[in-house]
file coords-v4.csv (CSV, N, CA and C atoms)
chain,number,residue,atom,x,y,z
G,1,MET,N,17.1,-31.1,24.7
G,1,MET,CA,16.5,-30.4,23.6
G,1,MET,C,17.6,-29.7,22.9
G,2,PHE,N,17.4,-29.5,21.6
G,2,PHE,CA,18.3,-28.9,20.7
G,2,PHE,C,17.7,-27.7,19.9
G,3,LEU,N,18.5,-26.7,19.8
G,3,LEU,CA,18.1,-25.6,18.9
G,3,LEU,C,18.8,-26.0,17.5
G,4,VAL,N,18.0,-26.0,16.5
G,4,VAL,CA,18.5,-26.5,15.2
G,4,VAL,C,18.2,-25.5,14.1
G,5,LEU,N,19.3,-25.1,13.5
G,5,LEU,CA,19.3,-24.1,12.4
G,5,LEU,C,19.7,-24.8,11.1
G,6,GLN,N,18.8,-24.9,10.1
G,6,GLN,CA,19.1,-25.4,8.8
G,6,GLN,C,18.7,-24.5,7.8
G,7,ARG,N,19.6,-23.7,7.3
G,7,ARG,CA,19.3,-22.7,6.3
G,7,ARG,C,19.1,-23.4,4.9
G,8,GLU,N,18.3,-22.7,4.1
G,8,GLU,CA,17.9,-23.3,2.8
G,8,GLU,C,19.2,-23.5,2.0
G,9,GLY,N,19.3,-24.7,1.5
G,9,GLY,CA,20.4,-25.1,0.7
G,9,GLY,C,21.5,-25.8,1.5
G,10,GLU,N,21.5,-25.8,2.8
G,10,GLU,CA,22.5,-26.5,3.6
G,10,GLU,C,22.1,-27.9,3.7
G,11,GLU,N,23.2,-28.7,3.5
G,11,GLU,CA,23.0,-30.2,3.6
G,11,GLU,C,22.7,-30.6,5.0
G,12,GLN,N,23.5,-30.2,6.0
G,12,GLN,CA,23.4,-30.6,7.4
G,12,GLN,C,23.0,-29.4,8.2
G,13,PRO,N,22.2,-29.6,9.2
G,13,PRO,CA,21.8,-28.5,10.1
G,13,PRO,C,22.9,-28.3,11.1
G,14,THR,N,22.9,-27.1,11.7
G,14,THR,CA,23.7,-26.8,12.9
G,14,THR,C,22.8,-27.0,14.1
G,15,ARG,N,23.4,-27.8,15.0
G,15,ARG,CA,22.6,-28.2,16.2
G,15,ARG,C,23.3,-27.8,17.5
G,16,TRP,N,22.6,-27.1,18.4
G,16,TRP,CA,23.2,-26.7,19.7
G,16,TRP,C,22.3,-27.4,20.7
G,17,ARG,N,22.9,-27.9,21.7
G,17,ARG,CA,22.2,-28.5,22.9
G,17,ARG,C,21.7,-27.3,23.7
G,18,TYR,N,20.3,-27.2,23.9
G,18,TYR,CA,19.7,-26.1,24.6
G,18,TYR,C,19.4,-26.7,26.0
G,19,ASP,N,20.3,-26.3,26.9
G,19,ASP,CA,20.1,-26.6,28.3
G,19,ASP,C,20.2,-25.3,29.1
G,20,TYR,N,19.1,-24.8,29.6
G,20,TYR,CA,19.0,-23.5,30.2
G,20,TYR,C,20.0,-23.5,31.4
G,21,LYS,N,20.3,-24.6,32.0
G,21,LYS,CA,21.2,-24.6,33.2
G,21,LYS,C,22.6,-24.3,32.8
G,22,LYS,N,22.9,-24.5,31.5
G,22,LYS,CA,24.3,-24.3,31.0
G,22,LYS,C,24.5,-23.0,30.4
G,23,LEU,N,23.5,-22.1,30.4
G,23,LEU,CA,23.7,-20.8,29.9
G,23,LEU,C,24.4,-20.0,31.0
G,24,MET,N,25.4,-19.2,30.7
G,24,MET,CA,26.2,-18.4,31.6
G,24,MET,C,25.3,-17.3,32.1
G,25,SER,N,25.6,-16.8,33.3
G,25,SER,CA,24.8,-15.7,33.9
G,25,SER,C,24.8,-14.4,33.0
G,26,VAL,N,26.0,-14.2,32.3
G,26,VAL,CA,26.0,-13.0,31.4
G,26,VAL,C,25.1,-13.2,30.2
G,27,GLU,N,25.0,-14.5,29.7
G,27,GLU,CA,24.2,-14.8,28.6
G,27,GLU,C,22.7,-14.6,29.1
G,28,ARG,N,22.4,-15.1,30.2
G,28,ARG,CA,21.0,-15.0,30.7
G,28,ARG,C,20.6,-13.6,30.9
G,29,GLU,N,21.5,-12.8,31.5
G,29,GLU,CA,21.2,-11.4,31.7
G,29,GLU,C,21.0,-10.6,30.3
G,30,ASP,N,21.8,-11.0,29.4
G,30,ASP,CA,21.7,-10.4,28.0
G,30,ASP,C,20.4,-10.8,27.4
G,31,ILE,N,20.0,-12.0,27.5
G,31,ILE,CA,18.7,-12.5,27.0
G,31,ILE,C,17.5,-11.7,27.7
G,32,GLU,N,17.6,-11.5,29.0
G,32,GLU,CA,16.6,-10.8,29.7
G,32,GLU,C,16.5,-9.3,29.2
G,33,ARG,N,17.6,-8.7,29.0
G,33,ARG,CA,17.6,-7.3,28.5
G,33,ARG,C,17.0,-7.2,27.1
G,34,ARG,N,17.4,-8.1,26.3
G,34,ARG,CA,17.0,-8.1,24.9
G,34,ARG,C,15.5,-8.4,24.7
G,35,THR,N,15.0,-9.3,25.5
G,35,THR,CA,13.6,-9.8,25.4
G,35,THR,C,12.6,-9.1,26.3
G,36,GLY,N,13.2,-8.4,27.4
G,36,GLY,CA,12.3,-7.8,28.4
G,36,GLY,C,11.5,-8.8,29.2
G,37,LYS,N,12.0,-10.1,29.3
G,37,LYS,CA,11.4,-11.1,30.1
G,37,LYS,C,12.4,-11.7,31.1
G,38,ASN,N,11.9,-12.0,32.3
G,38,ASN,CA,12.7,-12.7,33.2
G,38,ASN,C,13.0,-14.1,32.6
G,39,PHE,N,14.1,-14.8,33.1
G,39,PHE,CA,14.5,-16.0,32.4
G,39,PHE,C,13.5,-17.1,32.4
G,40,ALA,N,12.8,-17.2,33.5
G,40,ALA,CA,11.7,-18.3,33.6
G,40,ALA,C,10.7,-18.0,32.5
G,41,ASP,N,10.3,-16.8,32.3
G,41,ASP,CA,9.3,-16.5,31.3
G,41,ASP,C,9.9,-16.7,29.9
G,42,PHE,N,11.1,-16.4,29.7
G,42,PHE,CA,11.8,-16.6,28.5
G,42,PHE,C,11.8,-18.0,28.1
G,43,THR,N,12.1,-18.9,29.0
G,43,THR,CA,12.2,-20.4,28.6
G,43,THR,C,10.8,-20.8,28.1
G,44,GLN,N,9.7,-20.4,28.8
G,44,GLN,CA,8.4,-20.7,28.3
G,44,GLN,C,8.1,-20.1,27.0
G,45,ALA,N,8.5,-18.9,26.8
G,45,ALA,CA,8.2,-18.2,25.5
G,45,ALA,C,9.0,-18.9,24.3
G,46,VAL,N,10.2,-19.4,24.6
G,46,VAL,CA,10.9,-20.1,23.6
G,46,VAL,C,10.1,-21.3,23.1
G,47,LEU,N,9.6,-22.1,24.1
G,47,LEU,CA,8.9,-23.3,23.8
G,47,LEU,C,7.6,-23.0,23.1
G,48,GLN,N,7.0,-21.8,23.4
G,48,GLN,CA,5.7,-21.5,22.8
G,48,GLN,C,5.9,-20.8,21.4
G,49,GLY,N,7.1,-20.6,21.0
G,49,GLY,CA,7.4,-20.0,19.7
G,49,GLY,C,7.5,-18.5,19.6
G,50,ASN,N,7.8,-17.9,20.7
G,50,ASN,CA,8.0,-16.4,20.6
G,50,ASN,C,9.2,-16.1,19.7
G,51,SER,N,9.0,-15.3,18.7
G,51,SER,CA,10.0,-15.0,17.7
G,51,SER,C,11.2,-14.3,18.3
G,52,LEU,N,11.0,-13.3,19.1
G,52,LEU,CA,12.1,-12.5,19.7
G,52,LEU,C,12.9,-13.4,20.6
G,53,CYS,N,12.3,-14.2,21.4
G,53,CYS,CA,13.0,-15.1,22.3
G,53,CYS,C,13.8,-16.1,21.5
G,54,ARG,N,13.3,-16.7,20.5
G,54,ARG,CA,14.0,-17.7,19.7
G,54,ARG,C,15.2,-17.0,19.0
G,55,ARG,N,15.0,-15.8,18.6
G,55,ARG,CA,16.1,-15.0,17.9
G,55,ARG,C,17.2,-14.7,19.0
G,56,ALA,N,16.8,-14.4,20.2
G,56,ALA,CA,17.8,-14.1,21.2
G,56,ALA,C,18.6,-15.4,21.6
G,57,LEU,N,17.9,-16.5,21.6
G,57,LEU,CA,18.5,-17.8,21.9
G,57,LEU,C,19.5,-18.1,20.8
G,58,LEU,N,19.1,-18.0,19.5
G,58,LEU,CA,20.0,-18.3,18.4
G,58,LEU,C,21.2,-17.3,18.5
G,59,PHE,N,21.0,-16.1,18.8
G,59,PHE,CA,22.1,-15.1,18.9
G,59,PHE,C,23.1,-15.6,19.9
G,60,THR,N,22.6,-16.1,21.0
G,60,THR,CA,23.5,-16.5,22.1
G,60,THR,C,24.4,-17.6,21.6
G,61,TYR,N,23.8,-18.6,20.9
G,61,TYR,CA,24.6,-19.7,20.4
G,61,TYR,C,25.5,-19.3,19.3
G,62,LEU,N,25.1,-18.5,18.4
G,62,LEU,CA,25.9,-18.0,17.3
G,62,LEU,C,27.1,-17.2,17.8
G,63,ARG,N,26.8,-16.4,18.8
G,63,ARG,CA,27.9,-15.6,19.4
G,63,ARG,C,29.0,-16.4,20.1
G,64,ARG,N,28.6,-17.6,20.6
G,64,ARG,CA,29.6,-18.5,21.2
G,64,ARG,C,30.6,-18.9,20.1
G,65,ASP,N,30.0,-19.2,18.9
G,65,ASP,CA,30.9,-19.7,17.8
G,65,ASP,C,31.6,-18.5,17.1
G,66,HIS,N,30.9,-17.4,17.1
G,66,HIS,CA,31.4,-16.2,16.3
G,66,HIS,C,31.2,-15.0,17.2
G,67,PRO,N,32.2,-14.7,18.1
G,67,PRO,CA,32.0,-13.6,19.1
G,67,PRO,C,31.7,-12.2,18.6
G,68,LYS,N,32.0,-11.9,17.3
G,68,LYS,CA,31.7,-10.6,16.8
G,68,LYS,C,30.3,-10.5,16.2
G,69,THR,N,29.5,-11.6,16.3
G,69,THR,CA,28.1,-11.5,15.7
G,69,THR,C,27.3,-10.5,16.5
G,70,ARG,N,26.6,-9.7,15.7
G,70,ARG,CA,25.7,-8.7,16.2
G,70,ARG,C,24.3,-9.2,16.2
G,71,PHE,N,23.5,-8.8,17.2
G,71,PHE,CA,22.1,-9.2,17.3
G,71,PHE,C,21.3,-8.7,16.0
G,72,GLU,N,21.6,-7.6,15.5
G,72,GLU,CA,21.0,-7.0,14.4
G,72,GLU,C,21.2,-7.9,13.1
G,73,ASP,N,22.3,-8.6,13.1
G,73,ASP,CA,22.6,-9.5,11.9
G,73,ASP,C,21.9,-10.8,12.0
G,74,VAL,N,21.3,-11.2,13.1
G,74,VAL,CA,20.7,-12.5,13.3
G,74,VAL,C,19.3,-12.5,12.6
G,75,ASP,N,19.2,-13.2,11.6
G,75,ASP,CA,17.9,-13.3,10.9
G,75,ASP,C,17.8,-14.7,10.3
G,76,PHE,N,16.6,-15.2,10.2
G,76,PHE,CA,16.3,-16.6,9.8
G,76,PHE,C,14.9,-16.7,9.3
G,77,GLY,N,14.7,-17.6,8.3
G,77,GLY,CA,13.4,-18.0,7.9
G,77,GLY,C,12.7,-18.8,9.0
G,78,TRP,N,11.5,-18.6,9.3
G,78,TRP,CA,10.8,-19.3,10.4
G,78,TRP,C,10.9,-20.8,10.2
G,79,ASP,N,11.0,-21.3,9.0
G,79,ASP,CA,11.1,-22.8,8.8
G,79,ASP,C,12.5,-23.2,8.9
G,80,GLU,N,13.5,-22.3,9.1
G,80,GLU,CA,14.9,-22.7,9.2
G,80,GLU,C,15.3,-23.0,10.6
G,81,LEU,N,14.5,-22.5,11.6
G,81,LEU,CA,14.9,-22.7,13.0
G,81,LEU,C,13.8,-23.4,13.8
G,82,LYS,N,14.3,-24.4,14.5
G,82,LYS,CA,13.3,-25.2,15.3
G,82,LYS,C,13.9,-25.7,16.5
G,83,LEU,N,13.1,-26.1,17.4
G,83,LEU,CA,13.5,-26.9,18.7
G,83,LEU,C,13.2,-28.3,18.5
G,84,GLU,N,14.1,-29.2,18.8
G,84,GLU,CA,13.9,-30.6,18.7
G,84,GLU,C,14.2,-31.3,20.0
G,85,TYR,N,13.3,-32.2,20.4
G,85,TYR,CA,13.6,-33.0,21.6
G,85,TYR,C,14.5,-34.1,21.2
G,86,SER,N,15.3,-34.6,22.0
G,86,SER,CA,16.2,-35.7,21.7
G,86,SER,C,15.4,-37.0,22.0
G,87,ARG,N,15.9,-38.1,21.5
G,87,ARG,CA,15.3,-39.4,21.7
G,87,ARG,C,15.1,-39.7,23.2
G,88,GLN,N,16.1,-39.3,24.0
G,88,GLN,CA,16.1,-39.6,25.4
G,88,GLN,C,15.0,-38.7,26.1
G,89,GLU,N,14.8,-37.5,25.6
G,89,GLU,CA,13.7,-36.7,26.2
G,89,GLU,C,12.3,-37.3,25.8
G,90,TYR,N,12.2,-37.8,24.6
G,90,TYR,CA,10.9,-38.4,24.2
G,90,TYR,C,10.7,-39.7,25.1
G,91,GLU,N,11.7,-40.4,25.3
G,91,GLU,CA,11.6,-41.6,26.1
G,91,GLU,C,11.1,-41.3,27.6
G,92,SER,N,11.7,-40.2,28.1
G,92,SER,CA,11.3,-39.7,29.4
G,92,SER,C,9.8,-39.2,29.4
G,93,MET,N,9.4,-38.5,28.4
G,93,MET,CA,8.0,-38.1,28.3
G,93,MET,C,7.1,-39.4,28.2
G,94,ARG,N,7.5,-40.4,27.5
G,94,ARG,CA,6.7,-41.6,27.3
G,94,ARG,C,6.5,-42.2,28.7
G,95,GLU,N,7.6,-42.3,29.5
G,95,GLU,CA,7.5,-42.9,30.8
G,95,GLU,C,6.5,-42.1,31.7
G,96,SER,N,6.5,-40.8,31.6
G,96,SER,CA,5.7,-40.0,32.5
G,96,SER,C,4.2,-40.1,32.1
G,97,ILE,N,3.9,-40.2,30.8
G,97,ILE,CA,2.5,-40.2,30.4
G,97,ILE,C,1.9,-41.6,30.7
G,98,LEU,N,2.7,-42.6,30.8
G,98,LEU,CA,2.2,-43.9,31.2
G,98,LEU,C,1.5,-43.9,32.6
G,99,GLU,N,2.0,-42.9,33.4
G,99,GLU,CA,1.5,-42.8,34.7
G,99,GLU,C,0.3,-41.8,34.8
G,100,SER,N,0.2,-41.0,33.8
G,100,SER,CA,-0.8,-39.9,33.9
G,100,SER,C,-2.0,-40.0,33.0
G,101,LEU,N,-1.9,-40.7,31.9
G,101,LEU,CA,-3.0,-40.8,30.9
G,101,LEU,C,-3.5,-42.2,30.9
G,102,HIS,N,-4.8,-42.3,30.4
G,102,HIS,CA,-5.4,-43.6,30.3
G,102,HIS,C,-6.3,-43.7,29.0
G,103,GLY,N,-6.6,-44.9,28.6
G,103,GLY,CA,-7.5,-45.1,27.5
G,103,GLY,C,-7.0,-44.5,26.2
G,104,ASP,N,-8.0,-43.9,25.5
G,104,ASP,CA,-7.7,-43.3,24.1
G,104,ASP,C,-6.7,-42.2,24.2
G,105,ASP,N,-6.7,-41.4,25.3
G,105,ASP,CA,-5.7,-40.3,25.4
G,105,ASP,C,-4.3,-40.9,25.5
G,106,LEU,N,-4.2,-42.0,26.2
G,106,LEU,CA,-2.9,-42.6,26.4
G,106,LEU,C,-2.4,-43.2,25.0
G,107,ALA,N,-3.3,-43.9,24.3
G,107,ALA,CA,-3.0,-44.5,23.1
G,107,ALA,C,-2.6,-43.5,22.0
G,108,ALA,N,-3.3,-42.3,22.0
G,108,ALA,CA,-2.9,-41.3,21.0
G,108,ALA,C,-1.6,-40.6,21.4
G,109,ALA,N,-1.3,-40.4,22.7
G,109,ALA,CA,-0.1,-39.8,23.1
G,109,ALA,C,1.1,-40.7,22.8
G,110,LEU,N,0.9,-42.0,23.1
G,110,LEU,CA,2.0,-43.0,22.8
G,110,LEU,C,2.3,-43.1,21.4
G,111,ALA,N,1.3,-43.1,20.5
G,111,ALA,CA,1.5,-43.2,19.1
G,111,ALA,C,2.3,-42.0,18.6
G,112,SER,N,1.9,-40.8,19.1
G,112,SER,CA,2.6,-39.6,18.7
G,112,SER,C,4.1,-39.6,19.1
G,113,ILE,N,4.3,-40.0,20.4
G,113,ILE,CA,5.7,-40.0,20.9
G,113,ILE,C,6.5,-41.1,20.2
G,114,ASP,N,5.9,-42.2,19.9
G,114,ASP,CA,6.6,-43.3,19.3
G,114,ASP,C,7.0,-42.9,17.9
G,115,ARG,N,6.2,-42.2,17.1
G,115,ARG,CA,6.5,-41.7,15.8
G,115,ARG,C,7.7,-40.7,15.9
G,116,ASN,N,7.7,-39.9,16.9
G,116,ASN,CA,8.8,-38.9,17.1
G,116,ASN,C,10.1,-39.6,17.5
G,117,ILE,N,10.0,-40.6,18.3
G,117,ILE,CA,11.2,-41.3,18.8
G,117,ILE,C,12.0,-41.9,17.6
G,118,GLU,N,11.3,-42.4,16.6
G,118,GLU,CA,11.9,-43.0,15.5
G,118,GLU,C,12.8,-42.1,14.7
G,119,THR,N,12.5,-40.8,14.7
G,119,THR,CA,13.3,-39.8,13.9
G,119,THR,C,14.1,-38.9,14.8
G,120,ALA,N,14.0,-39.0,16.1
G,120,ALA,CA,14.6,-38.0,17.0
G,120,ALA,C,16.1,-38.2,17.0
G,121,PHE,N,16.9,-37.1,17.2
G,121,PHE,CA,18.3,-37.1,17.3
G,121,PHE,C,18.7,-37.9,18.6
G,122,ASP,N,19.6,-38.8,18.5
G,122,ASP,CA,20.1,-39.6,19.6
G,122,ASP,C,21.2,-38.8,20.3
G,123,ASP,N,20.9,-38.3,21.5
G,123,ASP,CA,21.8,-37.5,22.2
G,123,ASP,C,22.7,-38.4,23.1
G,124,THR,N,23.8,-38.8,22.5
G,124,THR,CA,24.7,-39.8,23.2
G,124,THR,C,25.5,-39.2,24.3
G,125,GLU,N,25.5,-37.8,24.3
G,125,GLU,CA,26.3,-37.1,25.3
G,125,GLU,C,25.5,-36.9,26.6
G,126,VAL,N,24.2,-37.1,26.6
G,126,VAL,CA,23.4,-36.9,27.8
G,126,VAL,C,23.7,-37.9,28.9
G,127,THR,N,23.8,-37.4,30.1
G,127,THR,CA,24.0,-38.3,31.2
G,127,THR,C,22.9,-38.0,32.2
G,128,GLY,N,22.5,-39.1,32.9
G,128,GLY,CA,21.4,-38.9,33.8
G,128,GLY,C,20.0,-38.8,33.1
G,129,LYS,N,19.0,-38.4,33.9
G,129,LYS,CA,17.7,-38.3,33.4
G,129,LYS,C,17.5,-37.0,32.5
G,130,ALA,N,16.9,-37.2,31.4
G,130,ALA,CA,16.6,-36.0,30.5
G,130,ALA,C,15.6,-35.1,31.2
G,131,GLN,N,15.8,-33.8,31.1
G,131,GLN,CA,14.9,-32.8,31.7
G,131,GLN,C,14.4,-31.9,30.7
G,132,LEU,N,13.2,-31.4,30.8
G,132,LEU,CA,12.6,-30.5,29.9
G,132,LEU,C,13.2,-29.1,30.2
G,133,PRO,N,13.4,-28.3,29.1
G,133,PRO,CA,14.0,-27.0,29.3
G,133,PRO,C,13.1,-25.9,29.9
G,134,ILE,N,12.8,-26.0,31.1
G,134,ILE,CA,12.0,-25.0,31.8
G,134,ILE,C,12.8,-24.5,33.0
G,135,ALA,N,13.0,-23.2,33.1
G,135,ALA,CA,13.7,-22.7,34.2
G,135,ALA,C,13.1,-22.9,35.5
G,136,GLU,N,13.9,-23.2,36.5
G,136,GLU,CA,13.3,-23.5,37.8
G,136,GLU,C,13.3,-22.2,38.6
call {"tool": "encode", "arguments": {"input": "coords-v4.csv", "output": "structure tokens"}}
result
Amino acid sequence: MFLVLQREGEEQPTRWRYDYKKLMSVEREDIERRTGKNFADFTQAVLQGNSLCRRALLFTYLRRDHPKTRFEDVDFGWDELKLEYSRQEYESMRESILESLHGDDLAAALASIDRNIETAFDDTEVTGKAQLPIAE
């Protein structure tokens, strides 16, 4: 999964690979302090669209690139920041729904996933099986 920031007027988005397992312990602790959520709840809240959690995640990645970035300076239009699954993650989802859904539900889910696969970012750096970003 990727955290994607595309500010108005920018030609190309900035894309960071969001892998909760690759966040450093200091980063995780900072996120917990800023959001008031334990890390497992934070990962769920990010996926569900919690504004503070997404801002904290964006801050974490911006600070990696620009260490002097302050949390107070992190602001974005809601349509400028999104989470995107990679093509590999969609393919993994497709495999799993083949085993769990049937009939019209399966057909609708496959149609939706197949549409997304066509435009999804191809994560050529991923190794092994793609995993969804939920803290264990």
call {"tool": "residues_around", "arguments": {"input": "coords-v4.csv", "residues": "region 55-64 of chain G", "least_positions_apart": "3", "cutoff": "8 Å", "atoms": "all atoms listed in the file", "output": "MDAnalysis selection string"}}
result
chainID G and resid 3 16 27 30:31 34:35 46 50:52 67:71 74:76
call {"tool": "closest_residue", "arguments": {"input": "coords-v4.csv", "among": "G:Arg94, G:Thr14, G:Asp79, G:Thr43", "to": "Arg28 (chain G)", "atoms": "only C-alpha atoms"}}
result
G:Thr43
call {"tool": "atom_distance", "arguments": {"input": "coords-v4.csv", "atom1": "CA of Glu118 (chain G)", "atom2": "CA of Gly9 (chain G)"}}
result
24.7 Å
call {"tool": "atom_distance", "arguments": {"input": "coords-v4.csv", "atom1": "atom C of Leu81 (chain G)", "atom2": "atom N of Val4 (chain G)"}}
result
5.6 Å
call {"tool": "closest_residue", "arguments": {"input": "coords-v4.csv", "among": "G:Asp19, G:Glu11, G:Glu29, G:Asp123", "to": "Gln88 (chain G)", "atoms": "only N, CA and C atoms"}}
result
G:Asp123
call {"tool": "select_by_dssp", "arguments": {"input": "coords-v4.csv", "residues": "chain G", "states": "helix (DSSP H, G or I)", "output": "number ranges by chain"}}
result
G: 20-22, 25-35, 39-48, 51-65, 71-73, 78-80, 87-100, 103-119
call {"tool": "atom_distance", "arguments": {"input": "coords-v4.csv", "atom1": "atom N of His102 (chain G)", "atom2": "atom C of Tyr90 (chain G)"}}
result
16.6 Å
call {"tool": "closest_residue", "arguments": {"input": "coords-v4.csv", "among": "G:Thr124, G:Cys53, G:Met24, G:Asn116", "to": "Asn38 (chain G)", "atoms": "only C-alpha atoms"}}
result
G:Cys53
call {"tool": "closest_residue", "arguments": {"input": "coords-v4.csv", "among": "G:Ala40, G:Leu83, G:Leu5, G:Leu101", "to": "Tyr18 (chain G)", "atoms": "only C-alpha atoms"}}
result
G:Leu83
call {"tool": "residues_around", "arguments": {"input": "coords-v4.csv", "residues": "Met93 (chain G)", "least_positions_apart": "5", "cutoff": "8 Å", "atoms": "all atoms listed in the file", "output": "list in words"}}
result
Arg87, Gln88, Leu98, Ile113 and Ala130 of chain G
call {"tool": "select_by_dssp", "arguments": {"input": "coords-v4.csv", "residues": "region 23-122 of chain G", "states": "strand (DSSP E or B)", "output": "NGL selection string"}}
result
:G and (81-84 or 86 or 121)
call {"tool": "axis_aligned_box", "arguments": {"input": "coords-v4.csv", "around": "region 29-35 of chain G", "padding_each_side": "6 Å", "output": "JSON"}}
result
{"center_x": 17.2, "center_y": -10.0, "center_z": 28.2, "size_x": 21.2, "size_y": 17.6, "size_z": 19.0}
call {"tool": "decode", "arguments": {"input": "coords-v4.csv", "residues": "region 50-65 of chain G", "atoms": "N, CA, C and O atoms", "output": "tab-separated table (two decimals), in the first residue's frame"}}
result
chain	number	residue	atom	x	y	z
G	50	ASN	N	-9.44	8.24	9.16
G	50	ASN	CA	-9.29	9.16	10.27
G	50	ASN	C	-8.29	10.27	9.89
G	50	ASN	O	-7.14	10.00	9.55
G	51	SER	N	-8.74	11.51	9.96
G	51	SER	CA	-7.93	12.65	9.52
G	51	SER	C	-6.65	12.82	10.32
G	51	SER	O	-5.57	13.02	9.75
G	52	LEU	N	-6.75	12.76	11.64
G	52	LEU	CA	-5.57	12.93	12.48
G	52	LEU	C	-4.55	11.82	12.23
G	52	LEU	O	-3.34	12.07	12.15
G	53	CYS	N	-5.03	10.60	12.07
G	53	CYS	CA	-4.12	9.48	11.83
G	53	CYS	C	-3.43	9.60	10.48
G	53	CYS	O	-2.24	9.34	10.36
G	54	ARG	N	-4.16	10.02	9.47
G	54	ARG	CA	-3.53	10.20	8.16
G	54	ARG	C	-2.53	11.35	8.19
G	54	ARG	O	-1.47	11.28	7.57
G	55	ARG	N	-2.86	12.39	8.93
G	55	ARG	CA	-1.91	13.50	9.06
G	55	ARG	C	-0.65	13.04	9.78
G	55	ARG	O	0.47	13.39	9.39
G	56	ALA	N	-0.80	12.25	10.83
G	56	ALA	CA	0.36	11.74	11.56
G	56	ALA	C	1.21	10.83	10.67
G	56	ALA	O	2.45	10.87	10.73
G	57	LEU	N	0.57	10.03	9.84
G	57	LEU	CA	1.32	9.17	8.93
G	57	LEU	C	2.06	10.01	7.89
G	57	LEU	O	3.25	9.77	7.63
G	58	LEU	N	1.39	10.99	7.33
G	58	LEU	CA	2.05	11.87	6.36
G	58	LEU	C	3.23	12.59	7.01
G	58	LEU	O	4.32	12.67	6.43
G	59	PHE	N	3.05	13.08	8.23
G	59	PHE	CA	4.13	13.74	8.96
G	59	PHE	C	5.33	12.81	9.11
G	59	PHE	O	6.47	13.22	8.91
G	60	THR	N	5.08	11.56	9.42
G	60	THR	CA	6.16	10.59	9.59
G	60	THR	C	6.99	10.47	8.32
G	60	THR	O	8.23	10.50	8.37
G	61	TYR	N	6.32	10.36	7.18
G	61	TYR	CA	7.05	10.22	5.93
G	61	TYR	C	7.70	11.53	5.49
G	61	TYR	O	8.83	11.52	4.98
G	62	LEU	N	7.04	12.65	5.69
G	62	LEU	CA	7.64	13.94	5.34
G	62	LEU	C	8.88	14.19	6.18
G	62	LEU	O	9.89	14.70	5.68
G	63	ARG	N	8.82	13.82	7.46
G	63	ARG	CA	9.95	14.05	8.35
G	63	ARG	C	11.15	13.19	7.97
G	63	ARG	O	12.29	13.58	8.17
G	64	ARG	N	10.91	12.02	7.39
G	64	ARG	CA	12.03	11.22	6.90
G	64	ARG	C	12.80	11.97	5.82
G	64	ARG	O	14.02	11.91	5.75
G	65	ASP	N	12.06	12.65	4.95
G	65	ASP	CA	12.68	13.38	3.85
G	65	ASP	C	13.20	14.75	4.29
G	65	ASP	O	14.17	15.25	3.73
